[in-house]
Amino acid sequence: MRVQFFPTCLVDTFFPETGEAVLKLLRHFGVDVRYPKGQTCCGKPSDSGGYSYETKKAAEHFLAVFGGDPDPIVIPSGSCASMVKNHYPHLFIDNHRLRETANAVAGRVYELSQFLVHELKADLAGLKAQGRITYHASCQLTRELGVREEPLALLHSLNGAQFVPLATAERCCGFGGMFMTKLPEVSMALANDKLDAILATGADTVVGCDHGCLMNIDDAIRRRGASVRTKHLGAILAEGL
Amino acid sequence: MGARSESIPFRENAAQAVRNAALRAAMRNATGTFSVKRSHAIASVPIEEWRELASQVRLHVLDNLEEYVNRFERNAVKAGATVHRAKDAAAAREIVWCLLKDHGARKVVKSKSMITEEIHLNDYLERQGLTVVETDLGEYIIQIAREHPSHIIVPAIHKSRRQVGNLFAEKLGCERSEDPVVLAKIARAKLREEFLSADAGISGANFAVAGSGSLVLFTNEGNGRMCTTLPELHVAVLSIEKVIPSLADLPKFIRLLPRSATGQILSAYVSIISGTRKAGEATGARHLHIVLLDNGRSDIVSGDCREMLKCIRCGACLNACPVYQTVGGHAYGSTYPGPMGIVLTVLLEGMERAHTLLDGTTLCGACGDVCPVKVPLPRLLRRLREQRVEIGFTAAAERLGMVGFGLAARSPAFFELAQKLARLAWKPARITGIGSTLDRMPMPATTPFRKRIS
């Protein structure tokens with residue numbers, strides 16, 4: 001099986017280890033992973049900010065890079081996957097050709113956990129991990145993509161690790177893209193609420209499917225000096241390989 | 001409205017609210033309780049089907065708004081009411097004041113109404129020398145504290161029972177108590193005198209039924225019935241989009257509104273007021289005046305945020321919103337707070353004043369999920385952010401940054417350059433404080449993923 005990989009600009013720039021971990025994970029399942037050259041950002045930041053011109057330009061570029069290849073596109077982020085899957089088709093109402101491409105590409109997009117569970121049956125593969133793990137369910141992943149069960153199925157399947165549910169798993173962590181810088185006090189308060197809930201589970205690792213959230217939670221952890229780590233789902237699954 | 005053109009200092013308000021521990025505790029407690037109660041109340045009912053049906057009714061009304069408003073007017077008049085149309089807040093205030101003056105009213109009792117908050121009616125009437133008494137317990141608390149509601153359903157949500165106890169002791173001269181039952185009894189005794197001595201009652205309406213000309217009120221304390229039936233004169237102020245086609249549509253909302261608002265299966269009272277007191281009837285106002293407020297809604301209904309007018313003011317989106325939960329309603333500096341409040345305030349008061357509120361969402365989508373009439377709040381919030389950019393109400397630095405982002409997003413070479421610059425600038429920016437808003441981000445990796453993959 002061949003896929004196109006869009007690690008996202010956040011992973012590319014700040015968390016390349018996660019990109020490498022996902023690569024290792026997919027290859028472990030025999031997937032032929034192609035990294036289309038020239039990829040940048042899906043346009044989520046400008047879309048949330050209301051900058052529709054920039055969003056369209058970013059989307060056009062994404063479609064040019066990924067649109068020519070019929071292989072599935074795997075994205076280790078709920079918000080970026082939802083951007084391409086749910087928002088792109090509405091961007092080009094007055095451009096028939098781009099709208100067709102956007103619809104076709106939207107149909108080929110998988111968020112990582114979706115691909116792992118539905119295409120690779122990775123939740124039945126007996127992957128290994130260690131420690132006490134809890135899970136933060138990110139907003140676009142759950143509410144826009146409807147991905148709720150897949151990450152849980154994967155985490156529950158881990159041999160050697162104990163999964164503990166997070167009481168407020170689906171509550172926003174306060175990242176929200178530019179929200180983090182626009183209302184920093186509120187963003188930090190929400191991240192602290194999230195951290196309180198995480199610490200109450202006694203977990204040593206909090207897993208998520210979006211590095212934006214994890215980065216925000218990480219900041220709360222650092223400020224408080226708490227002893228818990230954040231880990232992307234792809235990275236925790238690759239850790240035991 | 002009108003001359004106020006300064007923007008709401010939302011960020012400053014929010015930052016201050018975050019530091020208010022008592023507020024945070026009260027908000028966490030109350031919004032948490034309502035959210036849990038709501039989820040219990042919808043657990044065993046076909047909520048998605050109900051939401052869709054209610055949404056369709058509301059959309060149908062918006063598609064035919066003028067026709068239904070006219071039909072409501074005709075039937076209300078037939079039932080004995082007098083209907084007034086108010087183009088804006090000033091006109092509505094004037095109409096209400098003239099009605100009260102002509103009636104010789106000195107004291108008015110009010111049942112809870114957000115529309116009268118929207119038009120700032122109380123302040124206006126008090127300036128004319130009238131005594132205005134709020135009779136909903138939450139509104140009563142807010143009124144004696146000289147504050148404004150911080151929630152559209154639970155006006156005093158930001159106050160703890162201890163604060164209410166202190167307030168009552170100070171303002172009403174009663175013995176201090178923190179027991180809600182005792183406090184409610186104190187208010188009840190005070191309010192009973194007011195009901196019996198009032199010259200007029202003012203209410204809003206949850207719905208206006210076009211087919212019968214009836215007003216529908218959902219209340220929990222019975223005060224709504226006192227206000228609308230005890231005094232000779234009842235003045236109802238409502239906005240035009242409150243109309244629903246017929247009484248047959250009402251059950252769709254009777255089952256949804258209380259469940260969404262407070263997690264109740266039914267509200268304690270559902271009053272259907274059809275005209276004035278008829279011959280042989282023992283209760284009901286002798287004079288019923290209905291003020292139909294437009295205040296920009298005729299324009300909103302033809303714009304691309306029209307679905308906001310589907311809103312039935314249940315407050316579920318407030319309770320579900322992580323930002324509202326954290327900062328409370330007063331931080332918004334507007335009549336309506338929370339997700340619906342942001343959208344409605346921008347639409348009603350304009351971008352110049354309300355653009356700052358648009359920062360008050362993480363676009364997490366929780367509001368859209370709980371809305372009983374499927375107002376697409378996240379989409380509307382994003383749409384208004386686009387409008388904010390279009391009319392130029394974002395900061396110059398942000399616009400510049402976005403131009404750079406747009407270039408980087410469509411040019412891999414520029415993107416790589418931006419990555420390098422970000423890495424180089426990261427430390428100096430932190431040290432000098434220039435990048436203080438970015439100090440919650442980690443340092444960009446020395447070798448980005450794109451350089452690691454062969």
# chains A, B, ... in the order shown; residues from 1 in each chain; ligands from 1
>>> closest_atom_pairs(of="chain B", to="chain A", cutoff="6 Å", atoms="only C-alpha atoms", output="Markdown table")
| residue | atom | partner | partner_atom | distance |
| --- | --- | --- | --- | --- |
| B:Ala15 | CA | A:Glu185 | CA | 5.5 |
| B:Thr362 | CA | A:Gly176 | CA | 4.2 |
| B:Cys364 | CA | A:Cys139 | CA | 5.1 |
| B:Arg385 | CA | A:Gly50 | CA | 4.6 |
| B:Glu386 | CA | A:Gly50 | CA | 3.8 |
| B:Gly406 | CA | A:Glu54 | CA | 4.7 |
| B:Ala409 | CA | A:Ala58 | CA | 5.0 |
| B:Arg410 | CA | A:His61 | CA | 5.3 |
| B:Pro412 | CA | A:Gly38 | CA | 5.1 |
| B:Thr437 | CA | A:Thr181 | CA | 5.3 |
| B:Arg440 | CA | A:Asp219 | CA | 5.8 |
| B:Pro444 | CA | A:Phe14 | CA | 4.6 |
| B:Ala445 | CA | A:Phe14 | CA | 5.1 |
| B:Pro448 | CA | A:Thr13 | CA | 5.1 |
| B:Phe449 | CA | A:Pro16 | CA | 4.5 |
>>> write_last_selection(atoms="N, CA and C atoms", output="PDB file, in the first residue's frame")
ATOM      1  N   ALA B  15      -8.575  38.938  30.761  1.00  0.00           N
ATOM      2  CA  ALA B  15      -7.374  38.727  31.577  1.00  0.00           C
ATOM      3  C   ALA B  15      -7.681  38.982  33.049  1.00  0.00           C
ATOM      4  N   THR B 362     -11.965  29.475  20.658  1.00  0.00           N
ATOM      5  CA  THR B 362     -10.907  28.597  20.155  1.00  0.00           C
ATOM      6  C   THR B 362     -11.415  27.821  18.949  1.00  0.00           C
ATOM      7  N   CYS B 364     -13.549  25.540  19.074  1.00  0.00           N
ATOM      8  CA  CYS B 364     -13.526  24.130  19.490  1.00  0.00           C
ATOM      9  C   CYS B 364     -14.773  23.389  19.039  1.00  0.00           C
ATOM     10  N   ARG B 385     -15.046  36.392  11.425  1.00  0.00           N
ATOM     11  CA  ARG B 385     -13.610  36.698  11.427  1.00  0.00           C
ATOM     12  C   ARG B 385     -13.156  37.090  10.025  1.00  0.00           C
ATOM     13  N   GLU B 386     -13.714  36.430   9.012  1.00  0.00           N
ATOM     14  CA  GLU B 386     -13.394  36.822   7.635  1.00  0.00           C
ATOM     15  C   GLU B 386     -13.836  38.252   7.368  1.00  0.00           C
ATOM     16  N   GLY B 406       0.991  33.714   3.935  1.00  0.00           N
ATOM     17  CA  GLY B 406       0.447  33.389   2.615  1.00  0.00           C
ATOM     18  C   GLY B 406       1.552  33.109   1.604  1.00  0.00           C
ATOM     19  N   ALA B 409       3.184  29.781   2.534  1.00  0.00           N
ATOM     20  CA  ALA B 409       2.311  28.633   2.276  1.00  0.00           C
ATOM     21  C   ALA B 409       2.301  28.244   0.802  1.00  0.00           C
ATOM     22  N   ARG B 410       2.575  29.213  -0.082  1.00  0.00           N
ATOM     23  CA  ARG B 410       2.535  28.836  -1.497  1.00  0.00           C
ATOM     24  C   ARG B 410       3.911  28.804  -2.150  1.00  0.00           C
ATOM     25  N   PRO B 412       7.548  26.875  -1.372  1.00  0.00           N
ATOM     26  CA  PRO B 412       8.398  26.039  -0.516  1.00  0.00           C
ATOM     27  C   PRO B 412       9.714  26.722  -0.156  1.00  0.00           C
ATOM     28  N   THR B 437       4.461  37.201  23.093  1.00  0.00           N
ATOM     29  CA  THR B 437       3.216  36.469  22.879  1.00  0.00           C
ATOM     30  C   THR B 437       3.484  35.066  22.352  1.00  0.00           C
ATOM     31  N   ARG B 440       5.168  30.821  24.564  1.00  0.00           N
ATOM     32  CA  ARG B 440       4.647  29.530  24.998  1.00  0.00           C
ATOM     33  C   ARG B 440       4.934  28.455  23.956  1.00  0.00           C
ATOM     34  N   PRO B 444      12.007  26.143  17.359  1.00  0.00           N
ATOM     35  CA  PRO B 444      11.962  25.311  16.151  1.00  0.00           C
ATOM     36  C   PRO B 444      13.144  24.344  16.130  1.00  0.00           C
ATOM     37  N   ALA B 445      12.925  23.165  15.581  1.00  0.00           N
ATOM     38  CA  ALA B 445      13.971  22.136  15.555  1.00  0.00           C
ATOM     39  C   ALA B 445      15.138  22.585  14.675  1.00  0.00           C
ATOM     40  N   PRO B 448      14.589  20.527  10.435  1.00  0.00           N
ATOM     41  CA  PRO B 448      13.166  20.212  10.273  1.00  0.00           C
ATOM     42  C   PRO B 448      12.968  18.867   9.587  1.00  0.00           C
ATOM     43  N   PHE B 449      11.736  18.361   9.665  1.00  0.00           N
ATOM     44  CA  PHE B 449      11.456  17.044   9.099  1.00  0.00           C
ATOM     45  C   PHE B 449      11.834  16.969   7.632  1.00  0.00           C
TER      46      PHE B 449
END
>>> residues_around(residues="Asp32 (chain A)", least_positions_apart="2", cutoff="9 Å", atoms="only C-alpha atoms", output="list in words")
Met1, Arg2, Val3, Gln4, Leu26, Arg27, Gly30 and Arg34 of chain A
>>> select_by_dssp(residues="region 2-226 of chain A", states="helix (DSSP H, G or I)", output="PyMOL selection string")
chain A and resi 9-13+16-28+44-49+52-66+78-91+96-108+112-119+122-124+139-144+149-156+179-182+184-201+211-224
>>> residues_around(residues="Glu239 (chain A)", least_positions_apart="2", cutoff="10 Å", atoms="only C-alpha atoms", output="ChimeraX atom specification")
/A:21,24-25,127-130,233-237,241
>>> residues_around(residues="Thr201 (chain A)", least_positions_apart="2", cutoff="12 Å", atoms="only C-alpha atoms", output="PyMOL selection string")
chain A and resi 132-136+162-169+194-199+203-206+228
>>> select_by_dssp(residues="region 193-223 of chain A", states="strand (DSSP E or B)", output="count of residues only")
4
>>> residues_around(residues="region 219-232 of chain B", least_positions_apart="6", cutoff="8 Å", atoms="only C-alpha atoms", output="list in words")
Val109, Lys110, Ser111, Lys112, Thr135, Asp136, Leu137, Phe195, Leu196, Ala198, Asp199, Ala200, Gly201, Ile202, Ser203, Ser267, Ala268, Tyr269, Val270, Ser271, Thr283, Gly284, Ala285, Arg286 and His287 of chain B
>>> residues_around(residues="Ala261 (chain B)", least_positions_apart="6", cutoff="12 Å", atoms="only C-alpha atoms", output="JSON list (two decimals) with N, CA and C atoms, in the first residue's frame")
[["chain", "number", "residue", "atom", "x", "y", "z"],
["B", 31, "THR", "N", -21.62, 26.31, 35.43],
["B", 31, "THR", "CA", -21.66, 25.81, 34.04],
["B", 31, "THR", "C", -21.48, 24.29, 34.03],
["B", 33, "THR", "N", -22.52, 22.21, 36.38],
["B", 33, "THR", "CA", -23.79, 21.62, 36.79],
["B", 33, "THR", "C", -24.79, 21.61, 35.64],
["B", 34, "PHE", "N", -24.90, 22.75, 34.95],
["B", 34, "PHE", "CA", -25.88, 22.82, 33.86],
["B", 34, "PHE", "C", -25.52, 21.88, 32.72],
["B", 35, "SER", "N", -24.23, 21.77, 32.42],
["B", 35, "SER", "CA", -23.82, 20.89, 31.34],
["B", 35, "SER", "C", -24.13, 19.43, 31.67],
["B", 36, "VAL", "N", -23.86, 19.05, 32.92],
["B", 36, "VAL", "CA", -24.15, 17.67, 33.33],
["B", 36, "VAL", "C", -25.65, 17.41, 33.30],
["B", 37, "LYS", "N", -26.42, 18.37, 33.83],
["B", 37, "LYS", "CA", -27.88, 18.20, 33.84],
["B", 37, "LYS", "C", -28.42, 18.09, 32.42],
["B", 38, "ARG", "N", -27.86, 18.92, 31.52],
["B", 38, "ARG", "CA", -28.30, 18.86, 30.13],
["B", 38, "ARG", "C", -28.03, 17.48, 29.54],
["B", 39, "SER", "N", -26.82, 16.98, 29.77],
["B", 39, "SER", "CA", -26.50, 15.69, 29.15],
["B", 39, "SER", "C", -27.37, 14.57, 29.71],
["B", 41, "ALA", "N", -30.49, 15.08, 30.69],
["B", 41, "ALA", "CA", -31.84, 15.32, 30.17],
["B", 41, "ALA", "C", -32.01, 14.89, 28.72],
["B", 42, "ILE", "N", -30.90, 14.81, 27.98],
["B", 42, "ILE", "CA", -31.03, 14.43, 26.57],
["B", 42, "ILE", "C", -30.60, 12.98, 26.34],
["B", 151, "HIS", "N", -25.37, 36.05, 32.18],
["B", 151, "HIS", "CA", -25.79, 34.84, 31.47],
["B", 151, "HIS", "C", -27.21, 35.11, 31.00],
["B", 152, "ILE", "N", -27.59, 34.58, 29.84],
["B", 152, "ILE", "CA", -28.91, 34.93, 29.30],
["B", 152, "ILE", "C", -30.05, 34.19, 30.00],
["B", 153, "ILE", "N", -29.74, 33.10, 30.69],
["B", 153, "ILE", "CA", -30.77, 32.34, 31.40],
["B", 153, "ILE", "C", -30.58, 32.47, 32.91],
["B", 154, "VAL", "N", -29.35, 32.50, 33.33],
["B", 154, "VAL", "CA", -29.01, 32.54, 34.75],
["B", 154, "VAL", "C", -28.24, 33.84, 35.01],
["B", 218, "PHE", "N", -41.69, 30.81, 29.04],
["B", 218, "PHE", "CA", -41.19, 29.69, 29.84],
["B", 218, "PHE", "C", -40.59, 30.29, 31.10],
["B", 219, "THR", "N", -41.13, 29.93, 32.26],
["B", 219, "THR", "CA", -40.53, 30.44, 33.49],
["B", 219, "THR", "C", -40.48, 29.33, 34.54],
["B", 220, "ASN", "N", -39.74, 29.58, 35.58],
["B", 220, "ASN", "CA", -39.60, 28.58, 36.63],
["B", 220, "ASN", "C", -40.12, 29.04, 37.98],
["B", 253, "PHE", "N", -40.45, 22.86, 20.84],
["B", 253, "PHE", "CA", -39.58, 23.73, 21.63],
["B", 253, "PHE", "C", -39.77, 23.54, 23.13],
["B", 254, "ILE", "N", -40.99, 23.15, 23.51],
["B", 254, "ILE", "CA", -41.24, 22.88, 24.93],
["B", 254, "ILE", "C", -40.32, 21.78, 25.43],
["B", 255, "ARG", "N", -40.05, 20.79, 24.56],
["B", 255, "ARG", "CA", -39.21, 19.68, 24.99],
["B", 255, "ARG", "C", -37.72, 20.00, 24.86],
["B", 267, "SER", "N", -39.96, 23.18, 31.86],
["B", 267, "SER", "CA", -39.84, 24.29, 32.80],
["B", 267, "SER", "C", -41.09, 24.29, 33.68],
["B", 312, "ILE", "N", -32.86, 30.30, 20.08],
["B", 312, "ILE", "CA", -34.00, 30.40, 20.99],
["B", 312, "ILE", "C", -33.56, 30.78, 22.41],
["B", 313, "ARG", "N", -32.33, 31.27, 22.55],
["B", 313, "ARG", "CA", -31.85, 31.83, 23.82],
["B", 313, "ARG", "C", -31.90, 30.83, 24.98],
["B", 314, "CYS", "N", -31.35, 29.64, 24.76],
["B", 314, "CYS", "CA", -31.37, 28.65, 25.84],
["B", 314, "CYS", "C", -30.12, 28.76, 26.70],
["B", 315, "GLY", "N", -29.05, 29.30, 26.14],
["B", 315, "GLY", "CA", -27.83, 29.45, 26.93],
["B", 315, "GLY", "C", -26.94, 28.22, 26.94],
["B", 316, "ALA", "N", -27.32, 27.16, 26.22],
["B", 316, "ALA", "CA", -26.50, 25.94, 26.24],
["B", 316, "ALA", "C", -25.10, 26.20, 25.71],
["B", 317, "CYS", "N", -24.99, 27.06, 24.70],
["B", 317, "CYS", "CA", -23.66, 27.32, 24.13],
["B", 317, "CYS", "C", -22.77, 28.08, 25.11],
["B", 318, "LEU", "N", -23.39, 28.89, 25.98],
["B", 318, "LEU", "CA", -22.60, 29.58, 27.00],
["B", 318, "LEU", "C", -22.00, 28.53, 27.95],
["B", 319, "ASN", "N", -22.90, 27.65, 28.44],
["B", 319, "ASN", "CA", -22.45, 26.66, 29.40],
["B", 319, "ASN", "C", -21.39, 25.73, 28.85],
["B", 320, "ALA", "N", -21.45, 25.49, 27.53],
["B", 320, "ALA", "CA", -20.52, 24.54, 26.90],
["B", 320, "ALA", "C", -19.21, 25.19, 26.49],
["B", 370, "VAL", "N", -24.05, 21.57, 20.99],
["B", 370, "VAL", "CA", -25.15, 21.57, 21.97],
["B", 370, "VAL", "C", -26.34, 22.41, 21.54],
["B", 371, "CYS", "N", -26.19, 23.19, 20.48],
["B", 371, "CYS", "CA", -27.29, 24.08, 20.09],
["B", 371, "CYS", "C", -28.54, 23.29, 19.71],
["B", 372, "PRO", "N", -29.67, 23.56, 20.37],
["B", 372, "PRO", "CA", -30.88, 22.77, 20.11],
["B", 372, "PRO", "C", -31.52, 23.06, 18.76]]
